[in-house]
Amino acid sequence: MLKVRNCESGYGRLRVLKGISLHVSPGEIVTIIGANGAGKTTLLNTIAGIIKPGSGEIVFHDKDIGSLSAEKIVALGCALVPERRQVFDTLTVKENLILGAYLHFRKKRKKEALDELQSIYSLFPVLKQRESQLAGTLSGGEQQMLAIGRALMAKPDLLMMDEPSLGIAPLIVKTIFKTILTLRDNGVTILLIEQNAKAALNIADRGYVLETGQVVLEGTSRDLFDNHDVQRAYLGKDYKKINE
Amino acid sequence: MSFDIFLQYFLSGITVGSIYAVVAIGFNIIYNTTGIINFAQGEFVILGALFAITFTRTGFIPLPLAILFAVLITTGIGAAIEIVFIKWIKNPSVLRLIIITIGISIISRETAHHIWGEQVMQMPYFTGTSTSSVIILGASIAPQVLWVLGISGIIVIVLQLFFKFTLTGKAMRACAANRTAARLCGINAKMMVTLSFMISAAIGALAGCITSPITQTQYDMGSPLAIKGFVVAIVGGLGNSTAAVVGGLLLGLIESFSIIFIPNAFKDVAAIIILLVILFFKPSGIFGKKEESALKEF
Ligand SMILES: Nc1ncnc2c1ncn2[C@@H]1O[C@H](COP(=O)(O)OP(=O)(O)OP(=O)(O)O)[C@@H](O)[C@H]1O
Ligand SMILES: [Mg+2]
């Protein structure tokens, strides 16, 4: 579904991604873990078309999307839940969700979009309750649900999520991760970025470990769980404190 | 002061004020989608009036059509300005964009000078003549005043409805709230910027047409209007339409009533000093929220 080959990307002269390759197959949950500043967000933003890749290839549904704009990439079915949620603060919850389906409304698929709205409401009932409240007044957890809901409104084949657990109470993180599993069962493929490696590996099929802009490890979640370096660096075991 | 004189001042205040409000709303629309102040806003007003006057002078284009054409042409100019001067700039800084809009304002003014010369022109009254009047509450009022108030009111209401209820309106607000997130929803943010220039140009041109019979029109009247509209937008709290209306009316009224106390020539100064004093005590504007103004780039 998604293939990234030797992708380089960054900001101006700063090269953050130094030749990254990865792939995601239909129906998978794939996670990318890595420390602060490893380049996880840069990677997702590059795939989503917010940052233009310097070189390399990004193929989605057999189409090279490396040079496409963010708007075109969503239209192809690849949606991003951005880091720190980035809901439209000054718009209501419902307006946020409606705009998630902007392209469907534009293409006169109003009914499908409104059906989707109902299924988002049943996925996150709290959003239904807060429907006419301004998104900026929601709690962090509710905003995260809204951000996920908004991305889902585009009916993507691939949903990319950038640290959905960031700054959110453990109980709500649990709900969100459960939802991710539900989504996969409904046929959405998922690329999940997390610092909470344990939670991510628990639900993912496969994972990549990113360090300073490079993939240093990849494998099934089981393999990564058992890997000593991963355990030490990301799962808080053994020599966590001693090791740098 | 007798009641009918008071009413005269009051009405002339809100007439001028409603134009300031419309200009300030034009500022806000572009500010919201781009973060820049478009100093060519006043030129849209003048161009709209000049085109409409030219059309009515042909003798065979009826007034409503002349206004419609003038608004459409000015809207096209607004789009062209954005596409030619602004769209292609990668990662523009706010300062650079503002300087560009000042440049655009000078170019449009000089072009208008070249085409229409220095003569002071005037649209025909929409109804009646310069001497006809309607009596309201004992004060005689020029019908054109009612046209200005009515149409400005309609502009404000239609814009509110547009931003609140249409998909495009919501998309424009989304771009203002978070441009990146808007693009991730599939909204073409660049198109929305072009559209914001078109809407600002359209309402500016319309405002120019409806006031021309009262204020008259000359090629270089745009800049003072832009400055007033700018002050109103800032005082109200940038980006806020309700505030623009209140601020505009306020400035119009201050100007109008200041004539009682000081010579006419100083009325601009008086108004702006009062508004500056307001800003001094409330830097984020009358309606602005502190956090919001801290976040924006000004
Ligand atoms: N807009 C930007 N301009 C310049 N440099 C940036 C920008 N955004 C990120 N960087 C740099 O790129 C590097 C990678 O950042 P990135 O946000 O991709 O990391 P991350 O893995 O998502 O980290 P975190 O877990 O903290 O979110 C960092 O060194 C950061 O300083
Ligand atoms: Mg990040």
# chains A, B, ... in the order shown; residues from 1 in each chain; ligands from 1
call {"tool": "interface_residues", "arguments": {"of": "chain B", "to": "chain A", "cutoff": "6 Å", "atoms": "only C-alpha atoms", "output": "short mmCIF file (atom, residue, chain, number, x, y, z; two decimals) with C-alpha atoms, in the first residue's frame"}}
result
data_model
loop_
_atom_site.label_atom_id
_atom_site.label_comp_id
_atom_site.auth_asym_id
_atom_site.auth_seq_id
_atom_site.Cartn_x
_atom_site.Cartn_y
_atom_site.Cartn_z
CA ALA B 174 -10.31 26.46 8.88
CA ALA B 177 -7.38 28.57 12.32
CA ARG B 183 -4.47 21.23 3.84
CA CYS B 185 -8.33 17.88 5.10
CA GLY B 186 -7.87 18.37 1.37
#
call {"tool": "residues_near_ligand", "arguments": {"ligand": "ligand 1", "cutoff": "7 Å", "atoms": "only C-alpha atoms and all ligand atoms", "output": "list of chain:residue names"}}
result
A:Gly10, A:Tyr11, A:Leu14, A:Val16, A:Gly34, A:Ala35, A:Asn36, A:Gly37, A:Ala38, A:Gly39, A:Lys40, A:Thr41, A:Thr42, A:Leu43, A:Gln195
call {"tool": "write_last_selection", "arguments": {"atoms": "N, CA, C and O atoms", "output": "mmCIF file, in the first residue's frame"}}
result
data_model
loop_
_atom_site.group_PDB
_atom_site.id
_atom_site.type_symbol
_atom_site.label_atom_id
_atom_site.label_comp_id
_atom_site.auth_asym_id
_atom_site.auth_seq_id
_atom_site.Cartn_x
_atom_site.Cartn_y
_atom_site.Cartn_z
ATOM 1 N N GLY A 10 13.940 17.172 4.987
ATOM 2 C CA GLY A 10 14.359 18.036 6.085
ATOM 3 C C GLY A 10 13.803 19.428 5.928
ATOM 4 O O GLY A 10 12.829 19.653 5.223
ATOM 5 N N TYR A 11 14.436 20.360 6.625
ATOM 6 C CA TYR A 11 13.960 21.740 6.614
ATOM 7 C C TYR A 11 15.062 22.631 6.076
ATOM 8 O O TYR A 11 16.104 22.764 6.708
ATOM 9 N N LEU A 14 18.796 21.817 6.557
ATOM 10 C CA LEU A 14 18.899 20.781 7.584
ATOM 11 C C LEU A 14 18.300 19.463 7.089
ATOM 12 O O LEU A 14 17.121 19.364 6.806
ATOM 13 N N VAL A 16 17.059 15.988 7.858
ATOM 14 C CA VAL A 16 16.619 15.242 9.037
ATOM 15 C C VAL A 16 16.527 13.757 8.722
ATOM 16 O O VAL A 16 17.050 12.915 9.441
ATOM 17 N N GLY A 34 10.829 5.854 18.241
ATOM 18 C CA GLY A 34 12.103 6.561 18.222
ATOM 19 C C GLY A 34 12.074 7.679 19.233
ATOM 20 O O GLY A 34 11.012 8.129 19.648
ATOM 21 N N ALA A 35 13.257 8.132 19.617
ATOM 22 C CA ALA A 35 13.353 9.155 20.663
ATOM 23 C C ALA A 35 12.938 10.521 20.119
ATOM 24 O O ALA A 35 12.697 10.677 18.923
ATOM 25 N N ASN A 36 12.900 11.514 20.986
ATOM 26 C CA ASN A 36 12.618 12.893 20.555
ATOM 27 C C ASN A 36 13.626 13.321 19.511
ATOM 28 O O ASN A 36 14.817 13.085 19.662
ATOM 29 N N GLY A 37 13.139 13.931 18.472
ATOM 30 C CA GLY A 37 14.057 14.474 17.473
ATOM 31 C C GLY A 37 14.613 13.443 16.510
ATOM 32 O O GLY A 37 15.468 13.761 15.688
ATOM 33 N N ALA A 38 14.100 12.208 16.569
ATOM 34 C CA ALA A 38 14.613 11.179 15.664
ATOM 35 C C ALA A 38 14.179 11.457 14.228
ATOM 36 O O ALA A 38 14.812 10.993 13.278
ATOM 37 N N GLY A 39 13.101 12.178 14.081
ATOM 38 C CA GLY A 39 12.616 12.492 12.740
ATOM 39 C C GLY A 39 11.291 11.826 12.405
ATOM 40 O O GLY A 39 10.884 11.778 11.244
ATOM 41 N N LYS A 40 10.590 11.364 13.420
ATOM 42 C CA LYS A 40 9.322 10.659 13.176
ATOM 43 C C LYS A 40 8.288 11.578 12.537
ATOM 44 O O LYS A 40 7.654 11.238 11.539
ATOM 45 N N THR A 41 8.131 12.753 13.154
ATOM 46 C CA THR A 41 7.152 13.698 12.619
ATOM 47 C C THR A 41 7.533 14.151 11.215
ATOM 48 O O THR A 41 6.687 14.253 10.326
ATOM 49 N N THR A 42 8.830 14.392 11.038
ATOM 50 C CA THR A 42 9.308 14.799 9.722
ATOM 51 C C THR A 42 8.946 13.743 8.678
ATOM 52 O O THR A 42 8.511 14.070 7.570
ATOM 53 N N LEU A 43 9.092 12.473 9.059
ATOM 54 C CA LEU A 43 8.769 11.389 8.130
ATOM 55 C C LEU A 43 7.288 11.418 7.743
ATOM 56 O O LEU A 43 6.953 11.405 6.546
ATOM 57 N N GLN A 195 5.947 7.437 21.056
ATOM 58 C CA GLN A 195 7.083 7.369 21.968
ATOM 59 C C GLN A 195 6.793 6.332 23.025
ATOM 60 O O GLN A 195 7.692 5.763 23.628
#
call {"tool": "select_by_dssp", "arguments": {"residues": "range 11-231 of chain A", "states": "helix (DSSP H, G or I)", "output": "PyMOL selection string"}}
result
chain A and resi 40-48+70-75+93-100+102-106+110-123+125-129+135-137+140-152+170-185+197-203+221-226+228-231
call {"tool": "closest_residue", "arguments": {"among": "A:Leu224, A:Ile58, A:Ala113, A:Leu192", "to": "ligand 2", "atoms": "only C-alpha atoms and all ligand atoms"}}
result
A:Leu192
call {"tool": "closest_residue", "arguments": {"among": "B:Asn91, B:Thr74, B:Thr217, B:Thr58", "to": "Gln119 in chain B", "atoms": "only C-alpha atoms"}}
result
B:Thr217
call {"tool": "residues_around", "arguments": {"residues": "range 18-30 of chain B", "least_positions_apart": "3", "cutoff": "9 Å", "atoms": "only C-alpha atoms", "output": "ChimeraX atom specification"}}
result
/B:13-15,33-39,41-42,45,148-149,152-153,155-156,193,196-197,199-204,207-208,211,225-226,228-234,238-249,251-252
call {"tool": "select_by_dssp", "arguments": {"residues": "range 52-207 of chain A", "states": "strand (DSSP E)", "output": "number ranges by chain"}}
result
A: 55-60, 63-64, 78-81, 158-162, 189-194, 206-207
call {"tool": "residues_around", "arguments": {"residues": "Glu131 in chain A", "least_positions_apart": "5", "cutoff": "8 Å", "atoms": "only C-alpha atoms", "output": "list in words"}}
result
Thr92, Val93 and Lys94 of chain A
call {"tool": "closest_residue", "arguments": {"among": "B:Ile106, B:Met172, B:Val158, B:Ile67", "to": "Thr194 in chain B", "atoms": "only C-alpha atoms"}}
result
B:Met172
call {"tool": "residues_around", "arguments": {"residues": "Ala204 in chain A", "least_positions_apart": "3", "cutoff": "6 Å", "atoms": "only C-alpha atoms", "output": "mmCIF file with C-alpha atoms, in the first residue's frame"}}
result
data_model
loop_
_atom_site.group_PDB
_atom_site.id
_atom_site.type_symbol
_atom_site.label_atom_id
_atom_site.label_comp_id
_atom_site.auth_asym_id
_atom_site.auth_seq_id
_atom_site.Cartn_x
_atom_site.Cartn_y
_atom_site.Cartn_z
ATOM 1 C CA ILE A 29 -0.807 -1.795 11.909
ATOM 2 C CA VAL A 30 2.780 -0.625 11.587
ATOM 3 C CA LEU A 201 4.181 -2.550 19.971
#
call {"tool": "closest_residue", "arguments": {"among": "A:Ser165, A:Gln129, A:Ser55, A:Gln144", "to": "ligand 2", "atoms": "only C-alpha atoms and all ligand atoms"}}
result
A:Ser165
call {"tool": "residues_around", "arguments": {"residues": "Asn227 in chain A", "least_positions_apart": "6", "cutoff": "10 Å", "atoms": "only C-alpha atoms", "output": "JSON, numbers by chain"}}
result
{"A": [217, 219, 221]}
call {"tool": "write_last_selection", "arguments": {"atoms": "N, CA, C and O atoms", "output": "PDB file, in the first residue's frame"}}
result
ATOM      1  N   LEU A 217      16.412  -0.478  13.071  1.00  0.00           N
ATOM      2  CA  LEU A 217      15.911  -1.808  13.360  1.00  0.00           C
ATOM      3  C   LEU A 217      14.532  -1.939  12.758  1.00  0.00           C
ATOM      4  O   LEU A 217      13.773  -0.968  12.718  1.00  0.00           O
ATOM      5  N   GLY A 219      11.189  -5.077  12.280  1.00  0.00           N
ATOM      6  CA  GLY A 219      10.795  -6.461  12.499  1.00  0.00           C
ATOM      7  C   GLY A 219       9.381  -6.554  13.011  1.00  0.00           C
ATOM      8  O   GLY A 219       8.685  -5.538  13.129  1.00  0.00           O
ATOM      9  N   SER A 221       6.478  -7.070  15.812  1.00  0.00           N
ATOM     10  CA  SER A 221       6.395  -6.493  17.159  1.00  0.00           C
ATOM     11  C   SER A 221       7.040  -7.434  18.171  1.00  0.00           C
ATOM     12  O   SER A 221       7.741  -7.001  19.083  1.00  0.00           O
TER      13      SER A 221
END
